[in-house]
Structure formats: C-alpha cells, structure tokens
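Participant: Have a look at this one.
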Amino acid sequence: ELLTLDEKSPKRIFEGAALLRRCTRLGLLEEDKRELDYVLAIKIQDIMSRRLQTLVFKQNLAKSLHHARVLIRQRHIRVGRQMVNIPSFLVRVDSEKHIDYALTSPFGGGKPGRVAKKSSNSGGGDAEEED
C-alpha cells in the first residue's frame, strides 16, 4: 500500500520511515538498503534467523535447535537483564550480543539443578564407588 502512494505523500514518508527503522533495528534490512523496495525482498528465512531460538543455537549456547527451544522455555536464557521464555522472540541487532544464560540458571552460575544436588548429597555419584 505504501509503494502505491505518491513519493511525497506524508503517509508514505511517515509510515515508510517507521517501517524501515523497525526492519533495520531487527536486522532484517542493512543500513545501505533502507528503501521501501528492499522491504519486499525480505524472505521468511531472514525473519527466522532473527528468532531467539536460532540465535541461541548459533552462539553455541545449545547443542541443537530443539535444545535451544527447551533451554528458552525452561527459563535458562536471558537477553540483557530480561529473562525471555518465548522461542519466537525477535532479537534486535543491539541486543544480540547480550544473549546469555540466566543468572538463576545452573548453566549461568546459579544454584545446582536437581540431578547435581542429588549426586552431591549421595557421596559424589557413581565415580567414587568402591569394590
């Protein structure tokens, strides 16, 4: 709809700039391609690569995409200081470097998990059994 309007139309200028700014912030458009024509060239693959689930896997915080989804749903992942438990969360370019394990997660230095607690209470687990 915006492309059908006149180039000097106030609606096209205002809404077009907002759309381009939003796409650039999400990493869907590069800085040198900030025109409305390039918005039509955005593919599904571009959007899917900006999801938190994909980025957690690409940053080697998880062993697979499925493992990344499980970690996110179980609240082990944070973006900045905000804990996120939605795998489809679209990560902004400036927040991408702040993806890490949550502070309360056993992976991020929090309290040990259920299995680690049990093995430490039972005398160290199977590795120290005597014959």
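In the structure tokens, the first chain shown is A, the next is B, and so on; residue numbers restart at 1 for each chain, and ligands run from 1 in the order shown.
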Can you list, as a PyMOL selection string, all residues belonging to stretch 4-74 of chain A that DSSP tags as alpha helix (DSSP H)?
Facilitator: chain A and resi 10-25+36-39+44-48+52-58+65-73
Participant: Between A:Leu52, A:Leu3, A:Ala17, A:Met83, which residue has the minimum interatomic distance to A:Ala68, considering only C-alpha atoms?
Facilitator: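 When distances to A:Ala68 are compared using only C-alpha atoms, the smallest one comes from A:Leu52.
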Participant: Have a look at A:Val93, A:Leu103, A:Ala116, A:Ile47 and name the one nearest to A:Arg25; count only C-alpha atoms.
Facilitator: A:Val93
Participant: Looking at only C-alpha atoms, which of A:Thr24, A:Ser49, A:Gln59, A:Ser120 is the one that sits closest to A:Ser88?
Facilitator: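 Among A:Thr24, A:Ser49, A:Gln59, A:Ser120, it is A:Ser49 that comes nearest to A:Ser88.
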Participant: May I have the residues within 12 Å of A:Phe57 as a ChimeraX atom specification, using only C-alpha atoms and disregarding those fewer than 3 positions away in the same chain?
Facilitator: /A:49-54,60-72,77,87,99-100
Participant: Write out, as a CSV table (one decimal), in the first residue's frame, the residues just selected, with N, CA and C atoms.
Facilitator:
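Final file, selection_11.csv:
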```csv
chain,number,residue,atom,x,y,z
A,49,SER,N,15.9,-16.3,11.0
A,49,SER,CA,17.3,-16.2,11.6
A,49,SER,C,17.4,-15.2,12.7
A,50,ARG,N,16.4,-14.4,12.9
A,50,ARG,CA,16.4,-13.4,14.0
A,50,ARG,C,15.7,-13.9,15.2
A,51,ARG,N,15.2,-15.1,15.2
A,51,ARG,CA,14.5,-15.6,16.4
A,51,ARG,C,15.5,-15.9,17.4
A,52,LEU,N,15.1,-15.9,18.7
A,52,LEU,CA,15.9,-16.2,19.8
A,52,LEU,C,16.4,-17.6,19.8
A,53,GLN,N,15.5,-18.5,19.4
A,53,GLN,CA,15.8,-19.9,19.3
A,53,GLN,C,17.0,-20.2,18.4
A,54,THR,N,17.0,-19.5,17.2
A,54,THR,CA,18.1,-19.7,16.2
A,54,THR,C,19.4,-19.1,16.7
A,60,ASN,N,26.2,-21.2,20.1
A,60,ASN,CA,26.7,-22.4,20.8
A,60,ASN,C,26.3,-22.4,22.3
A,61,LEU,N,25.2,-21.8,22.6
A,61,LEU,CA,24.7,-22.0,24.0
A,61,LEU,C,23.9,-23.3,24.1
A,62,ALA,N,23.5,-23.8,22.9
A,62,ALA,CA,22.7,-25.1,22.9
A,62,ALA,C,23.3,-26.0,21.9
A,63,LYS,N,23.0,-27.3,22.1
A,63,LYS,CA,23.6,-28.3,21.1
A,63,LYS,C,22.8,-28.5,19.9
A,64,SER,N,21.5,-28.1,19.9
A,64,SER,CA,20.7,-28.2,18.7
A,64,SER,C,19.6,-27.2,18.8
A,65,LEU,N,18.8,-27.0,17.7
A,65,LEU,CA,17.7,-26.1,17.7
A,65,LEU,C,16.6,-26.5,18.8
A,66,HIS,N,16.4,-27.8,18.9
A,66,HIS,CA,15.5,-28.3,19.8
A,66,HIS,C,15.9,-28.0,21.3
A,67,HIS,N,17.2,-28.3,21.5
A,67,HIS,CA,17.8,-28.0,22.8
A,67,HIS,C,17.7,-26.5,23.2
A,68,ALA,N,17.9,-25.6,22.2
A,68,ALA,CA,17.8,-24.2,22.4
A,68,ALA,C,16.3,-23.9,22.8
A,69,ARG,N,15.4,-24.5,22.1
A,69,ARG,CA,14.0,-24.2,22.5
A,69,ARG,C,13.6,-24.6,23.9
A,70,VAL,N,14.2,-25.8,24.3
A,70,VAL,CA,14.0,-26.3,25.6
A,70,VAL,C,14.6,-25.4,26.7
A,71,LEU,N,15.8,-24.9,26.4
A,71,LEU,CA,16.5,-24.0,27.3
A,71,LEU,C,15.7,-22.7,27.5
A,72,ILE,N,15.2,-22.2,26.4
A,72,ILE,CA,14.4,-21.0,26.5
A,72,ILE,C,13.1,-21.2,27.3
A,77,ILE,N,17.6,-18.8,29.6
A,77,ILE,CA,18.2,-17.8,28.7
A,77,ILE,C,17.7,-16.5,29.0
A,87,PRO,N,10.5,-18.7,22.5
A,87,PRO,CA,11.5,-19.0,21.5
A,87,PRO,C,11.4,-18.2,20.2
A,99,ILE,N,22.8,-12.0,24.6
A,99,ILE,CA,22.2,-13.3,24.9
A,99,ILE,C,23.1,-14.1,25.7
A,100,ASP,N,22.6,-14.6,26.9
A,100,ASP,CA,23.5,-15.4,27.8
A,100,ASP,C,22.6,-16.2,28.6
```
Participant: Distance atom CA of A:Thr104-atom CA of A:Asn121, one decimal place?
Facilitator: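 According to the coordinates, atom CA of A:Thr104 and atom CA of A:Asn121 are separated by 20.8 Å.
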Participant: Could you give me, as a list of chain:residue names, the residues within 12 Å of A:Gly80, counting only C-alpha atoms and dropping anything in the same chain fewer than 5 positions from it?
Facilitator: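 Contacts, in chain order: A:Val91, A:Arg92, A:Asp94, A:Ser95, A:Glu96, A:Lys97, A:His98, A:Ile99, A:Asp100, A:Tyr101, A:Ala102, A:Leu103.
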Participant: Measure the distance from atom CA of A:Gly16 to atom CA of A:Leu2 in Å and round it to one decimal.
Facilitator: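 A separation of 6.9 Å between them.
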Participant: When DSSP works through the backbone of this structure, what residues of chain A end up as strand (DSSP E), shown as a list in words?
Facilitator: Ile77, Arg78, Val79, Gln82, Met83, Ile99, Asp100 and Tyr101 of chain A
Participant: Please measure the separation of atom CA of A:Gly108 and atom CA of A:Asp46, giving the value in Å to one decimal.
Facilitator: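 Answer for the atom CA of A:Gly108 to atom CA of A:Asp46 separation: 29.3 Å.
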